[in-house]
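**Student:** See upload.pdb below, with PDB, C-alpha atoms.
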```
ATOM      1  CA  MET Q   1       0.000   0.000   0.000
ATOM      2  CA  LEU Q   2       2.987   2.318   0.400
ATOM      3  CA  ASN Q   3       4.249   1.722  -3.126
ATOM      4  CA  ASP Q   4       4.372   4.927  -5.191
ATOM      5  CA  LYS Q   5       3.106   6.958  -2.204
ATOM      6  CA  THR Q   6       4.579  10.090  -0.647
ATOM      7  CA  ILE Q   7       4.968   9.854   3.139
ATOM      8  CA  LEU Q   8       5.859  12.648   5.552
ATOM      9  CA  ILE Q   9       7.190  11.974   9.044
ATOM     10  CA  THR Q  10       7.152  14.786  11.593
ATOM     11  CA  GLY Q  11      10.099  14.503  13.971
ATOM     12  CA  GLY Q  12      11.546  12.204  11.334
ATOM     13  CA  THR Q  13      15.184  12.332  12.483
ATOM     14  CA  GLY Q  14      14.347  10.562  15.759
ATOM     15  CA  SER Q  15      14.801   6.849  16.452
ATOM     16  CA  PHE Q  16      11.323   6.002  15.199
ATOM     17  CA  GLY Q  17      11.638   8.109  12.052
ATOM     18  CA  LYS Q  18      14.920   6.499  11.055
ATOM     19  CA  CYS Q  19      13.633   2.980  11.723
ATOM     20  CA  PHE Q  20      10.377   3.680   9.845
ATOM     21  CA  THR Q  21      12.283   5.119   6.884
ATOM     22  CA  LYS Q  22      14.619   2.131   6.714
ATOM     23  CA  TYR Q  23      11.745  -0.358   7.032
ATOM     24  CA  VAL Q  24       9.667   1.279   4.304
ATOM     25  CA  LEU Q  25      12.614   1.584   1.894
ATOM     26  CA  GLU Q  26      13.463  -2.103   2.429
ATOM     27  CA  HIS Q  27       9.903  -3.464   2.123
ATOM     28  CA  TYR Q  28       8.127  -1.052  -0.253
ATOM     29  CA  LYS Q  29       8.790   1.239  -3.183
ATOM     30  CA  PRO Q  30       7.573   4.644  -1.993
ATOM     31  CA  LYS Q  31       7.578   7.604  -4.342
ATOM     32  CA  LYS Q  32       9.129   9.824  -1.674
ATOM     33  CA  ILE Q  33       9.684  10.057   2.084
ATOM     34  CA  ILE Q  34       9.789  13.560   3.545
ATOM     35  CA  ILE Q  35      11.627  14.055   6.828
ATOM     36  CA  TYR Q  36      10.103  17.080   8.575
ATOM     37  CA  SER Q  37      12.036  18.318  11.609
ATOM     38  CA  ARG Q  38      13.699  21.398  13.057
ATOM     39  CA  ASP Q  39      17.293  20.215  13.595
ATOM     40  CA  GLU Q  40      19.363  20.671  10.439
ATOM     41  CA  PHE Q  41      22.365  18.807  11.884
ATOM     42  CA  LYS Q  42      20.304  15.689  12.598
ATOM     43  CA  GLN Q  43      18.938  15.936   9.059
ATOM     44  CA  PHE Q  44      22.512  16.134   7.739
ATOM     45  CA  LEU Q  45      23.488  13.026   9.702
ATOM     46  CA  MET Q  46      20.392  11.134   8.548
ATOM     47  CA  ALA Q  47      20.965  12.132   4.920
ATOM     48  CA  ASN Q  48      24.475  10.648   5.145
ATOM     49  CA  GLU Q  49      23.163   7.521   6.836
ATOM     50  CA  PHE Q  50      20.661   6.980   3.993
ATOM     51  CA  LYS Q  51      22.966   8.111   1.169
ATOM     52  CA  GLU Q  52      22.055   5.160  -1.071
ATOM     53  CA  PHE Q  53      18.380   6.205  -0.959
ATOM     54  CA  GLU Q  54      18.894   9.930  -1.507
ATOM     55  CA  SER Q  55      16.659   9.958  -4.606
ATOM     56  CA  LYS Q  56      13.733   8.857  -2.400
ATOM     57  CA  LEU Q  57      14.328  11.203   0.553
ATOM     58  CA  ARG Q  58      13.524  14.872   1.056
ATOM     59  CA  PHE Q  59      14.443  16.906   4.131
ATOM     60  CA  PHE Q  60      12.252  19.817   5.237
ATOM     61  CA  ILE Q  61      13.379  22.161   7.996
ATOM     62  CA  GLY Q  62      10.242  23.024   9.934
ATOM     63  CA  ASP Q  63       8.441  22.913  13.249
ATOM     64  CA  VAL Q  64       4.994  21.494  13.907
ATOM     65  CA  ARG Q  65       4.325  24.770  15.741
ATOM     66  CA  ASP Q  66       4.428  26.529  12.341
ATOM     67  CA  LYS Q  67       1.107  25.800  10.631
ATOM     68  CA  GLU Q  68       1.978  27.557   7.367
ATOM     69  CA  ARG Q  69       5.223  25.623   6.987
ATOM     70  CA  MET Q  70       3.377  22.437   7.863
ATOM     71  CA  ARG Q  71       0.746  23.159   5.235
ATOM     72  CA  ARG Q  72       3.397  23.801   2.573
ATOM     73  CA  ALA Q  73       5.246  20.592   3.478
ATOM     74  CA  LEU Q  74       2.059  18.518   3.012
ATOM     75  CA  GLU Q  75       1.539  19.480  -0.628
ATOM     76  CA  GLY Q  76       1.420  16.234  -2.604
ATOM     77  CA  VAL Q  77       1.675  14.023   0.505
ATOM     78  CA  ASP Q  78      -0.446  10.855   0.769
ATOM     79  CA  TYR Q  79       0.306   9.698   4.339
ATOM     80  CA  VAL Q  80       1.490  11.510   7.460
ATOM     81  CA  ILE Q  81       3.162   9.891  10.475
ATOM     82  CA  HIS Q  82       3.144  12.324  13.396
ATOM     83  CA  ALA Q  83       6.102  11.443  15.629
ATOM     84  CA  ALA Q  84       7.222  14.939  16.701
ATOM     85  CA  ALA Q  85       6.828  15.669  20.415
ATOM     86  CA  LEU Q  86       8.586  16.895  23.520
ATOM     87  CA  LYS Q  87       8.900  13.589  25.376
ATOM     88  CA  GLN Q  88      11.171  14.006  28.393
ATOM     89  CA  VAL Q  89       9.008  14.081  31.520
ATOM     90  CA  PRO Q  90      11.217  16.411  33.637
ATOM     91  CA  ALA Q  91      11.724  18.826  30.723
ATOM     92  CA  CYS Q  92       7.969  19.036  30.160
ATOM     93  CA  GLU Q  93       7.351  19.651  33.866
ATOM     94  CA  TYR Q  94       9.891  22.481  33.916
ATOM     95  CA  ASN Q  95       8.797  23.946  30.554
ATOM     96  CA  PRO Q  96       5.035  23.353  30.468
ATOM     97  CA  ASN Q  97       4.266  26.088  27.944
ATOM     98  CA  GLU Q  98       6.793  24.627  25.498
ATOM     99  CA  ALA Q  99       5.304  21.135  25.886
ATOM    100  CA  ILE Q 100       1.830  22.520  25.209
ATOM    101  CA  LYS Q 101       3.003  24.421  22.117
ATOM    102  CA  THR Q 102       4.601  21.343  20.563
ATOM    103  CA  ASN Q 103       2.452  18.470  21.780
ATOM    104  CA  ILE Q 104      -0.987  20.124  21.648
ATOM    105  CA  HIS Q 105      -0.807  23.138  19.337
ATOM    106  CA  GLY Q 106       1.552  21.225  17.066
ATOM    107  CA  ALA Q 107      -0.893  18.320  16.884
ATOM    108  CA  GLN Q 108      -3.703  20.681  15.893
ATOM    109  CA  ASN Q 109      -1.476  22.237  13.226
ATOM    110  CA  VAL Q 110      -0.788  18.810  11.724
ATOM    111  CA  ILE Q 111      -4.526  18.094  11.698
ATOM    112  CA  ASP Q 112      -5.460  21.433  10.124
ATOM    113  CA  ALA Q 113      -2.723  21.219   7.488
ATOM    114  CA  ALA Q 114      -3.737  17.643   6.598
ATOM    115  CA  LEU Q 115      -7.398  18.648   6.281
ATOM    116  CA  ASP Q 116      -6.385  21.527   4.000
ATOM    117  CA  SER Q 117      -4.321  19.230   1.774
ATOM    118  CA  ASN Q 118      -5.043  16.007  -0.128
ATOM    119  CA  VAL Q 119      -3.600  13.755   2.564
ATOM    120  CA  LYS Q 120      -5.338  10.355   2.784
ATOM    121  CA  LYS Q 121      -4.263   9.025   6.182
ATOM    122  CA  VAL Q 122      -2.670  10.437   9.326
ATOM    123  CA  VAL Q 123      -1.268   8.186  12.066
ATOM    124  CA  ALA Q 124      -0.180   9.822  15.328
ATOM    125  CA  LEU Q 125       2.188   8.151  17.794
ATOM    126  CA  SER Q 126       0.875   8.054  21.356
ATOM    127  CA  THR Q 127       2.267   6.721  24.630
ATOM    128  CA  ASP Q 128       1.193   4.780  27.680
ATOM    129  CA  LYS Q 129       1.731   8.024  29.609
ATOM    130  CA  ALA Q 130      -1.370   9.469  27.912
ATOM    131  CA  VAL Q 131      -3.461   6.861  29.750
ATOM    132  CA  ASN Q 132      -4.608   8.155  33.142
ATOM    133  CA  PRO Q 133      -1.781  10.748  32.989
ATOM    134  CA  VAL Q 134       0.155  11.680  36.120
ATOM    135  CA  ASN Q 135       2.592  14.118  34.509
ATOM    136  CA  LEU Q 136       2.386  17.033  32.085
ATOM    137  CA  TYR Q 137       3.844  15.081  29.185
ATOM    138  CA  GLY Q 138       1.115  12.463  29.582
ATOM    139  CA  GLY Q 139      -1.507  15.195  29.877
ATOM    140  CA  THR Q 140      -0.412  16.857  26.635
ATOM    141  CA  LYS Q 141      -0.397  13.535  24.802
ATOM    142  CA  LEU Q 142      -3.881  12.730  26.090
ATOM    143  CA  VAL Q 143      -5.114  16.015  24.606
ATOM    144  CA  SER Q 144      -3.221  15.269  21.380
ATOM    145  CA  ASP Q 145      -4.895  11.836  21.140
ATOM    146  CA  LYS Q 146      -8.319  13.397  21.654
ATOM    147  CA  LEU Q 147      -7.601  15.953  18.927
ATOM    148  CA  PHE Q 148      -6.622  13.277  16.400
ATOM    149  CA  VAL Q 149      -9.685  11.168  17.172
ATOM    150  CA  ALA Q 150     -12.013  14.182  16.944
ATOM    151  CA  ALA Q 151     -10.371  15.292  13.673
ATOM    152  CA  ASN Q 152     -12.431  12.594  11.944
ATOM    153  CA  ALA Q 153     -15.521  14.731  12.617
ATOM    154  CA  TYR Q 154     -14.142  17.475  10.359
ATOM    155  CA  THR Q 155     -13.280  15.465   7.250
ATOM    156  CA  GLY Q 156     -16.555  16.237   5.448
ATOM    157  CA  THR Q 157     -16.444  14.715   1.971
ATOM    158  CA  LYS Q 158     -12.642  14.409   2.010
ATOM    159  CA  ASP Q 159     -11.115  10.949   1.728
ATOM    160  CA  ILE Q 160      -8.979  11.222   4.851
ATOM    161  CA  ASN Q 161      -8.880   9.576   8.267
ATOM    162  CA  PHE Q 162      -6.900   9.998  11.477
ATOM    163  CA  SER Q 163      -5.838   7.197  13.832
ATOM    164  CA  ILE Q 164      -3.424   6.554  16.709
ATOM    165  CA  VAL Q 165      -0.901   3.912  17.728
ATOM    166  CA  ARG Q 166      -0.021   3.553  21.403
ATOM    167  CA  TYR Q 167       2.981   1.911  23.013
ATOM    168  CA  GLY Q 168       5.330   2.517  25.929
ATOM    169  CA  ASN Q 169       9.076   3.060  26.095
ATOM    170  CA  VAL Q 170      10.830   1.308  23.231
ATOM    171  CA  ALA Q 171      13.566  -1.089  24.391
ATOM    172  CA  GLY Q 172      16.833   0.817  24.433
ATOM    173  CA  SER Q 173      15.318   4.222  23.643
ATOM    174  CA  ARG Q 174      17.061   7.333  24.952
ATOM    175  CA  GLY Q 175      16.272   8.089  28.586
ATOM    176  CA  SER Q 176      14.810   4.637  29.286
ATOM    177  CA  VAL Q 177      15.992   2.096  31.840
ATOM    178  CA  ILE Q 178      18.080  -0.189  29.600
ATOM    179  CA  PRO Q 179      20.665   2.444  28.524
ATOM    180  CA  PHE Q 180      20.618   3.779  32.097
ATOM    181  CA  PHE Q 181      21.635   0.367  33.458
ATOM    182  CA  HIS Q 182      24.060  -0.128  30.565
ATOM    183  CA  ASN Q 183      25.963   3.064  31.387
ATOM    184  CA  ILE Q 184      26.301   2.066  35.045
ATOM    185  CA  ILE Q 185      27.691  -1.341  34.048
ATOM    186  CA  LYS Q 186      30.004   0.164  31.402
ATOM    187  CA  ASN Q 187      31.487   2.477  34.033
ATOM    188  CA  GLY Q 188      32.203  -0.399  36.390
ATOM    189  CA  GLY Q 189      29.140  -0.166  38.636
ATOM    190  CA  ARG Q 190      28.144  -3.266  40.575
ATOM    191  CA  GLU Q 191      24.737  -2.039  41.780
ATOM    192  CA  LEU Q 192      21.660  -1.264  39.664
ATOM    193  CA  PRO Q 193      19.207   1.030  41.475
ATOM    194  CA  ILE Q 194      15.526   0.057  41.291
ATOM    195  CA  THR Q 195      12.905   2.743  41.825
ATOM    196  CA  ASP Q 196      10.367   0.199  43.095
ATOM    197  CA  TYR Q 197      10.683  -3.591  43.298
ATOM    198  CA  ARG Q 198       7.102  -3.978  42.028
ATOM    199  CA  MET Q 199       7.709  -2.058  38.797
ATOM    200  CA  THR Q 200       6.888  -3.712  35.457
ATOM    201  CA  ARG Q 201       7.161  -2.610  31.834
ATOM    202  CA  PHE Q 202       6.195  -3.825  28.362
ATOM    203  CA  TRP Q 203       8.899  -4.878  25.893
ATOM    204  CA  ILE Q 204       8.509  -3.481  22.383
ATOM    205  CA  SER Q 205      11.172  -2.989  19.724
ATOM    206  CA  LEU Q 206      11.341  -0.098  17.274
ATOM    207  CA  THR Q 207      10.547  -2.495  14.423
ATOM    208  CA  GLN Q 208       7.400  -3.674  16.222
ATOM    209  CA  GLY Q 209       6.389  -0.040  16.651
ATOM    210  CA  VAL Q 210       6.895   0.578  12.929
ATOM    211  CA  GLU Q 211       4.863  -2.502  12.012
ATOM    212  CA  LEU Q 212       2.006  -1.278  14.198
ATOM    213  CA  VAL Q 213       2.007   2.076  12.383
ATOM    214  CA  ILE Q 214       1.878   0.308   9.012
ATOM    215  CA  LYS Q 215      -1.021  -1.810  10.254
ATOM    216  CA  ALA Q 216      -2.849   1.405  11.177
ATOM    217  CA  LEU Q 217      -2.127   2.854   7.721
ATOM    218  CA  GLU Q 218      -3.532  -0.280   6.117
ATOM    219  CA  GLU Q 219      -6.598  -0.827   8.296
ATOM    220  CA  ALA Q 220      -7.725   2.401   9.979
ATOM    221  CA  THR Q 221     -11.078   3.876   9.005
ATOM    222  CA  GLY Q 222     -10.891   6.755  11.498
ATOM    223  CA  GLY Q 223     -10.487   7.272  15.233
ATOM    224  CA  GLU Q 224      -8.989   3.923  16.233
ATOM    225  CA  THR Q 225      -6.191   3.471  18.742
ATOM    226  CA  PHE Q 226      -3.991   0.469  17.842
ATOM    227  CA  ILE Q 227      -2.136  -1.342  20.655
ATOM    228  CA  SER Q 228       0.236  -4.296  20.156
ATOM    229  CA  LYS Q 229       0.108  -7.437  22.264
ATOM    230  CA  ILE Q 230       3.624  -7.599  23.684
ATOM    231  CA  PRO Q 231       5.298  -9.294  26.666
ATOM    232  CA  SER Q 232       5.921  -7.741  30.074
ATOM    233  CA  PHE Q 233       8.977  -7.927  32.291
ATOM    234  CA  LYS Q 234       9.891  -7.049  35.861
ATOM    235  CA  ILE Q 235      12.486  -4.317  36.285
ATOM    236  CA  THR Q 236      14.264  -6.507  38.846
ATOM    237  CA  ASP Q 237      14.509  -9.307  36.238
ATOM    238  CA  LEU Q 238      15.925  -6.830  33.717
ATOM    239  CA  ALA Q 239      18.607  -5.822  36.232
ATOM    240  CA  GLN Q 240      19.569  -9.466  36.829
ATOM    241  CA  ALA Q 241      19.637 -10.151  33.087
ATOM    242  CA  MET Q 242      22.017  -7.227  32.520
ATOM    243  CA  LEU Q 243      24.233  -7.770  35.590
ATOM    244  CA  PRO Q 244      23.639 -11.214  37.129
ATOM    245  CA  GLY Q 245      23.900 -11.307  40.907
ATOM    246  CA  CYS Q 246      24.022  -7.527  41.268
ATOM    247  CA  GLU Q 247      22.766  -5.643  44.292
ATOM    248  CA  MET Q 248      19.505  -3.790  43.619
ATOM    249  CA  PRO Q 249      18.962  -0.965  46.115
ATOM    250  CA  GLU Q 250      15.408   0.395  46.074
ATOM    251  CA  VAL Q 251      15.642   4.174  45.641
ATOM    252  CA  GLY Q 252      11.989   5.230  45.405
ATOM    253  CA  ILE Q 253       9.749   6.108  42.509
ATOM    254  CA  ARG Q 254      10.511   9.357  40.663
ATOM    255  CA  PRO Q 255       8.009  12.209  40.264
ATOM    256  CA  GLY Q 256       5.657  11.572  37.368
ATOM    257  CA  GLU Q 257       6.623   7.905  37.088
ATOM    258  CA  LYS Q 258       4.166   4.981  37.152
ATOM    259  CA  LEU Q 259       4.610   1.510  38.607
ATOM    260  CA  HIS Q 260       3.139  -0.100  35.486
ATOM    261  CA  GLU Q 261       2.498   0.824  31.859
ATOM    262  CA  ILE Q 262      -1.233   0.959  31.091
ATOM    263  CA  MET Q 263      -2.443   0.612  27.493
ATOM    264  CA  VAL Q 264      -6.165  -0.099  27.832
ATOM    265  CA  THR Q 265      -8.179   1.158  30.803
ATOM    266  CA  THR Q 266     -11.363  -0.339  32.192
ATOM    267  CA  GLU Q 267     -13.171   2.715  30.821
ATOM    268  CA  ASP Q 268     -11.849   1.855  27.345
ATOM    269  CA  SER Q 269     -13.208  -1.682  27.600
ATOM    270  CA  PHE Q 270     -16.647  -0.653  26.309
ATOM    271  CA  THR Q 271     -15.227  -0.007  22.822
ATOM    272  CA  THR Q 272     -12.144  -2.270  22.750
ATOM    273  CA  TYR Q 273     -11.786  -5.304  20.484
ATOM    274  CA  GLU Q 274      -9.119  -7.989  20.728
ATOM    275  CA  TYR Q 275      -7.392  -9.454  17.658
ATOM    276  CA  GLU Q 276      -4.679 -12.077  17.275
ATOM    277  CA  LYS Q 277      -1.715  -9.725  17.725
ATOM    278  CA  HIS Q 278      -3.243  -6.431  18.838
ATOM    279  CA  PHE Q 279      -6.105  -4.542  20.449
ATOM    280  CA  ILE Q 280      -8.077  -1.677  18.931
ATOM    281  CA  VAL Q 281      -9.826   0.927  21.059
ATOM    282  CA  TYR Q 282     -12.577   2.330  18.871
ATOM    283  CA  PRO Q 283     -13.848   5.888  19.379
ATOM    284  CA  GLN Q 284     -16.862   6.321  21.612
ATOM    285  CA  MET Q 285     -18.321   8.819  19.149
ATOM    286  CA  VAL Q 286     -18.897   7.815  15.527
ATOM    287  CA  TRP Q 287     -19.050  10.380  12.716
ATOM    288  CA  ASN Q 288     -19.547   8.282   9.594
ATOM    289  CA  ASN Q 289     -20.523   4.800   8.469
ATOM    290  CA  LYS Q 290     -16.885   3.839   7.811
ATOM    291  CA  GLN Q 291     -16.131   3.797  11.532
ATOM    292  CA  GLN Q 292     -17.350   0.288  12.242
ATOM    293  CA  PRO Q 293     -15.394  -2.231  14.336
ATOM    294  CA  ASP Q 294     -13.625  -4.989  12.460
ATOM    295  CA  LEU Q 295     -15.787  -7.908  13.551
ATOM    296  CA  SER Q 296     -13.011 -10.448  12.915
ATOM    297  CA  GLY Q 297     -11.981  -9.517  16.456
ATOM    298  CA  LYS Q 298     -13.720 -10.168  19.747
ATOM    299  CA  LYS Q 299     -15.077  -7.460  22.008
ATOM    300  CA  VAL Q 300     -13.357  -7.533  25.390
ATOM    301  CA  LYS Q 301     -15.377  -7.979  28.550
ATOM    302  CA  GLU Q 302     -16.607  -4.935  30.412
ATOM    303  CA  GLY Q 303     -14.004  -3.951  33.002
ATOM    304  CA  PHE Q 304     -11.106  -5.413  30.991
ATOM    305  CA  SER Q 305      -7.776  -3.601  31.192
ATOM    306  CA  TYR Q 306      -4.387  -4.203  29.620
ATOM    307  CA  SER Q 307      -1.316  -3.157  31.555
ATOM    308  CA  SER Q 308       2.192  -4.456  32.109
ATOM    309  CA  ASP Q 309       1.272  -5.991  35.468
ATOM    310  CA  ASN Q 310      -1.823  -7.956  34.358
ATOM    311  CA  ASN Q 311      -0.364  -9.287  31.104
ATOM    312  CA  SER Q 312      -0.572 -12.964  30.145
ATOM    313  CA  GLN Q 313       2.893 -12.877  28.493
ATOM    314  CA  TRP Q 314       5.986 -12.523  30.694
ATOM    315  CA  LEU Q 315       9.663 -12.576  29.820
ATOM    316  CA  SER Q 316      12.019 -14.704  31.886
ATOM    317  CA  ILE Q 317      15.526 -13.510  32.776
ATOM    318  CA  GLU Q 318      16.954 -15.760  30.055
ATOM    319  CA  GLU Q 319      14.514 -14.411  27.466
ATOM    320  CA  ILE Q 320      15.413 -10.840  28.446
ATOM    321  CA  LYS Q 321      19.100 -11.694  27.958
ATOM    322  CA  GLU Q 322      18.362 -12.919  24.430
ATOM    323  CA  LEU Q 323      16.346  -9.800  23.566
ATOM    324  CA  LEU Q 324      19.052  -7.513  24.942
ATOM    325  CA  GLU Q 325      21.385  -8.813  22.230
ATOM    326  CA  THR Q 326      19.094  -7.162  19.643
ATOM    327  CA  VAL Q 327      19.182  -3.735  21.338
ATOM    328  CA  ASP Q 328      21.592  -1.128  19.970
ATOM    329  CA  LEU Q 329      22.979   0.621  23.027
ATOM    330  CA  GLU Q 330      25.958   2.409  21.464
ATOM    331  CA  LYS Q 331      24.108   5.473  20.157
TER     332      LYS Q 331
END
```
The structure given in the file should be rewritten as structure tokens.
**Tutor:**
Amino acid sequence: MLNDKTILITGGTGSFGKCFTKYVLEHYKPKKIIIYSRDEFKQFLMANEFKEFESKLRFFIGDVRDKERMRRALEGVDYVIHAAALKQVPACEYNPNEAIKTNIHGAQNVIDAALDSNVKKVVALSTDKAVNPVNLYGGTKLVSDKLFVAANAYTGTKDINFSIVRYGNVAGSRGSVIPFFHNIIKNGGRELPITDYRMTRFWISLTQGVELVIKALEEATGGETFISKIPSFKITDLAQAMLPGCEMPEVGIRPGEKLHEIMVTTEDSFTTYEYEKHFIVYPQMVWNNKQQPDLSGKKVKEGFSYSSDNNSQWLSIEEIKELLETVDLEK
């Protein structure tokens, strides 16, 4: 479906954007991929990294805060992947206005520019932190999600739809626990601090995140939130997999941090369907006859929730060790 299509990725020089670009170039024959971001040096580095595909790539300097630039960048674009966001929890807490400008106003700018263009599909990346948010970053992403779902009410006769994919911290992503532990070990540390012994997380790779976005591009009719079925792990097991026999002092949970990653809440259960490899949370409000659940799935029971602590799939220490070999930590 991506063959001969033009795709734009906001925040495209990030880890997701680079992985998505590589995946699409290896599996499809797109007409063009536009990398839209505000850091010219990262664009320079990415252009060098993808030198063999330079005929397929375009680099636009721009910010999602700039609606006019966004609108110009979307001329001739078929699909938009919205990955741009301020993501660091402490930075968002200290700079709330900046987080709002990028994560909320920027989201609305992407929506407005897409509606004003001939874009066919928009997929926005969400986060577990948008579910029952306890920090400003999560709050801004909750609003962003609501904006993208509601955007389907404004499509009129246009052939366009907006959907969301939701997942937690990608294994090995910047600022997450795996590189944090890795740096301690690399510097000779023999203890790995644990914020709370009860803490659990989901394990998802960048490639799995990309595949979920492509599934949304292929299947979305408007307003869905796609969530992968992925295994959970205990943070204490991760520590033992990375440094067997290490001491694990409990240091206390950090401000804005959750014990578990939540993907589907009990309130979502009324409109959630389960499929073989994923869940879809359908919008509570329906604006057209295209927005019907895919009945090949099964509606979850009322009160169902999906979080890293109530998962049916769990990684053992040995399985974590095997997965760690696939994580690129030298970034």
**Student:** Could you expand the PyMOL selection byres ((chain Q and resi 82) around 10) into the explicit residues it covers here, written as a PyMOL selection string?
**Tutor:** chain Q and resi 8-12+17+36+64+79-81+83-85+106-107+110-111+122-126+164
**Student:** Could the residues of region 153-185 of chain Q that have an atom at most 10 Å from region 230-237 of chain Q be listed as CSV, each with its closest atom pair and the distance in Å to one decimal, counting all atoms listed in the file and ordered by chain and ascending residue number?
**Tutor:**
```
residue,atom,partner,partner_atom,distance
Q:Tyr167,CA,Q:Ile230,CA,9.6
Q:Val177,CA,Q:Ile235,CA,8.6
Q:Ile178,CA,Q:Ile235,CA,9.6
```
**Student:** Using the chain letters and numbering of this document, enumerate as a PDB file with C-alpha atoms, in the frame of the given file the residues selected by the PyMOL selection byres ((chain Q and resi 118) around 10).
**Tutor:**
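The result, stored in expr35.pdb:
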```
ATOM      1  CA  LEU Q  74       2.059  18.518   3.012  1.00  0.00           C
ATOM      2  CA  GLU Q  75       1.539  19.480  -0.628  1.00  0.00           C
ATOM      3  CA  GLY Q  76       1.420  16.234  -2.604  1.00  0.00           C
ATOM      4  CA  VAL Q  77       1.675  14.023   0.505  1.00  0.00           C
ATOM      5  CA  ASP Q  78      -0.446  10.855   0.769  1.00  0.00           C
ATOM      6  CA  TYR Q  79       0.306   9.698   4.339  1.00  0.00           C
ATOM      7  CA  ALA Q 113      -2.723  21.219   7.488  1.00  0.00           C
ATOM      8  CA  ALA Q 114      -3.737  17.643   6.598  1.00  0.00           C
ATOM      9  CA  LEU Q 115      -7.398  18.648   6.281  1.00  0.00           C
ATOM     10  CA  ASP Q 116      -6.385  21.527   4.000  1.00  0.00           C
ATOM     11  CA  SER Q 117      -4.321  19.230   1.774  1.00  0.00           C
ATOM     12  CA  VAL Q 119      -3.600  13.755   2.564  1.00  0.00           C
ATOM     13  CA  LYS Q 120      -5.338  10.355   2.784  1.00  0.00           C
ATOM     14  CA  LYS Q 121      -4.263   9.025   6.182  1.00  0.00           C
ATOM     15  CA  LYS Q 158     -12.642  14.409   2.010  1.00  0.00           C
ATOM     16  CA  ASP Q 159     -11.115  10.949   1.728  1.00  0.00           C
ATOM     17  CA  ILE Q 160      -8.979  11.222   4.851  1.00  0.00           C
TER      18      ILE Q 160
END
```
**Student:** When the PyMOL selection byres ((chain Q and resi 45-52) around 12) is applied to the structure above, which residues does it catch, written out as a CSV table (one decimal) with C-alpha atoms, in the coordinates of the input?
**Tutor:**
```
chain,number,residue,atom,x,y,z
Q,12,GLY,CA,11.5,12.2,11.3
Q,13,THR,CA,15.2,12.3,12.5
Q,14,GLY,CA,14.3,10.6,15.8
Q,15,SER,CA,14.8,6.8,16.5
Q,17,GLY,CA,11.6,8.1,12.1
Q,18,LYS,CA,14.9,6.5,11.1
Q,19,CYS,CA,13.6,3.0,11.7
Q,21,THR,CA,12.3,5.1,6.9
Q,22,LYS,CA,14.6,2.1,6.7
Q,23,TYR,CA,11.7,-0.4,7.0
Q,25,LEU,CA,12.6,1.6,1.9
Q,26,GLU,CA,13.5,-2.1,2.4
Q,33,ILE,CA,9.7,10.1,2.1
Q,34,ILE,CA,9.8,13.6,3.5
Q,35,ILE,CA,11.6,14.1,6.8
Q,36,TYR,CA,10.1,17.1,8.6
Q,37,SER,CA,12.0,18.3,11.6
Q,39,ASP,CA,17.3,20.2,13.6
Q,40,GLU,CA,19.4,20.7,10.4
Q,41,PHE,CA,22.4,18.8,11.9
Q,42,LYS,CA,20.3,15.7,12.6
Q,43,GLN,CA,18.9,15.9,9.1
Q,44,PHE,CA,22.5,16.1,7.7
Q,53,PHE,CA,18.4,6.2,-1.0
Q,54,GLU,CA,18.9,9.9,-1.5
Q,55,SER,CA,16.7,10.0,-4.6
Q,56,LYS,CA,13.7,8.9,-2.4
Q,57,LEU,CA,14.3,11.2,0.6
Q,58,ARG,CA,13.5,14.9,1.1
Q,59,PHE,CA,14.4,16.9,4.1
Q,60,PHE,CA,12.3,19.8,5.2
```
**Student:** For region 136-145 of chain Q, find every residue with an atom within 7 Å (counting only C-alpha atoms), except residues of its own chain fewer than 6 positions away, and show them as a ChimeraX atom specification.
**Tutor:** /Q:87,89,92-93,100,103-104,107,126,129-130
**Student:** Create the file for the chosen residues now, containing C-alpha atoms and written as a PDB file, in the frame of the given file.
**Tutor:**
```pdb
ATOM      1  CA  LYS Q  87       8.900  13.589  25.376  1.00  0.00           C
ATOM      2  CA  VAL Q  89       9.008  14.081  31.520  1.00  0.00           C
ATOM      3  CA  CYS Q  92       7.969  19.036  30.160  1.00  0.00           C
ATOM      4  CA  GLU Q  93       7.351  19.651  33.866  1.00  0.00           C
ATOM      5  CA  ILE Q 100       1.830  22.520  25.209  1.00  0.00           C
ATOM      6  CA  ASN Q 103       2.452  18.470  21.780  1.00  0.00           C
ATOM      7  CA  ILE Q 104      -0.987  20.124  21.648  1.00  0.00           C
ATOM      8  CA  ALA Q 107      -0.893  18.320  16.884  1.00  0.00           C
ATOM      9  CA  SER Q 126       0.875   8.054  21.356  1.00  0.00           C
ATOM     10  CA  LYS Q 129       1.731   8.024  29.609  1.00  0.00           C
ATOM     11  CA  ALA Q 130      -1.370   9.469  27.912  1.00  0.00           C
TER      12      ALA Q 130
END
```
**Student:** Using Å and a single decimal, report how far CA of His278 (chain Q) sits from CA of Gln292 (chain Q).
**Tutor:** 17.0 Å
**Student:** Mind checking which residues fall within 12 Å of Ser176 (chain Q), counting all atoms listed in the file, ignoring those fewer than 2 positions away in the same chain, and posting them as a PyMOL selection string?
**Tutor:** chain Q and resi 87-89+168-174+178-183+201+203+235+257+329
**Student:** Could you jot down the CA of Ala153 (chain Q) to CA of Trp287 (chain Q) separation for me, Å, one decimal place?
**Tutor:**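 For CA of Ala153 (chain Q) relative to CA of Trp287 (chain Q), the distance reads 5.6 Å.
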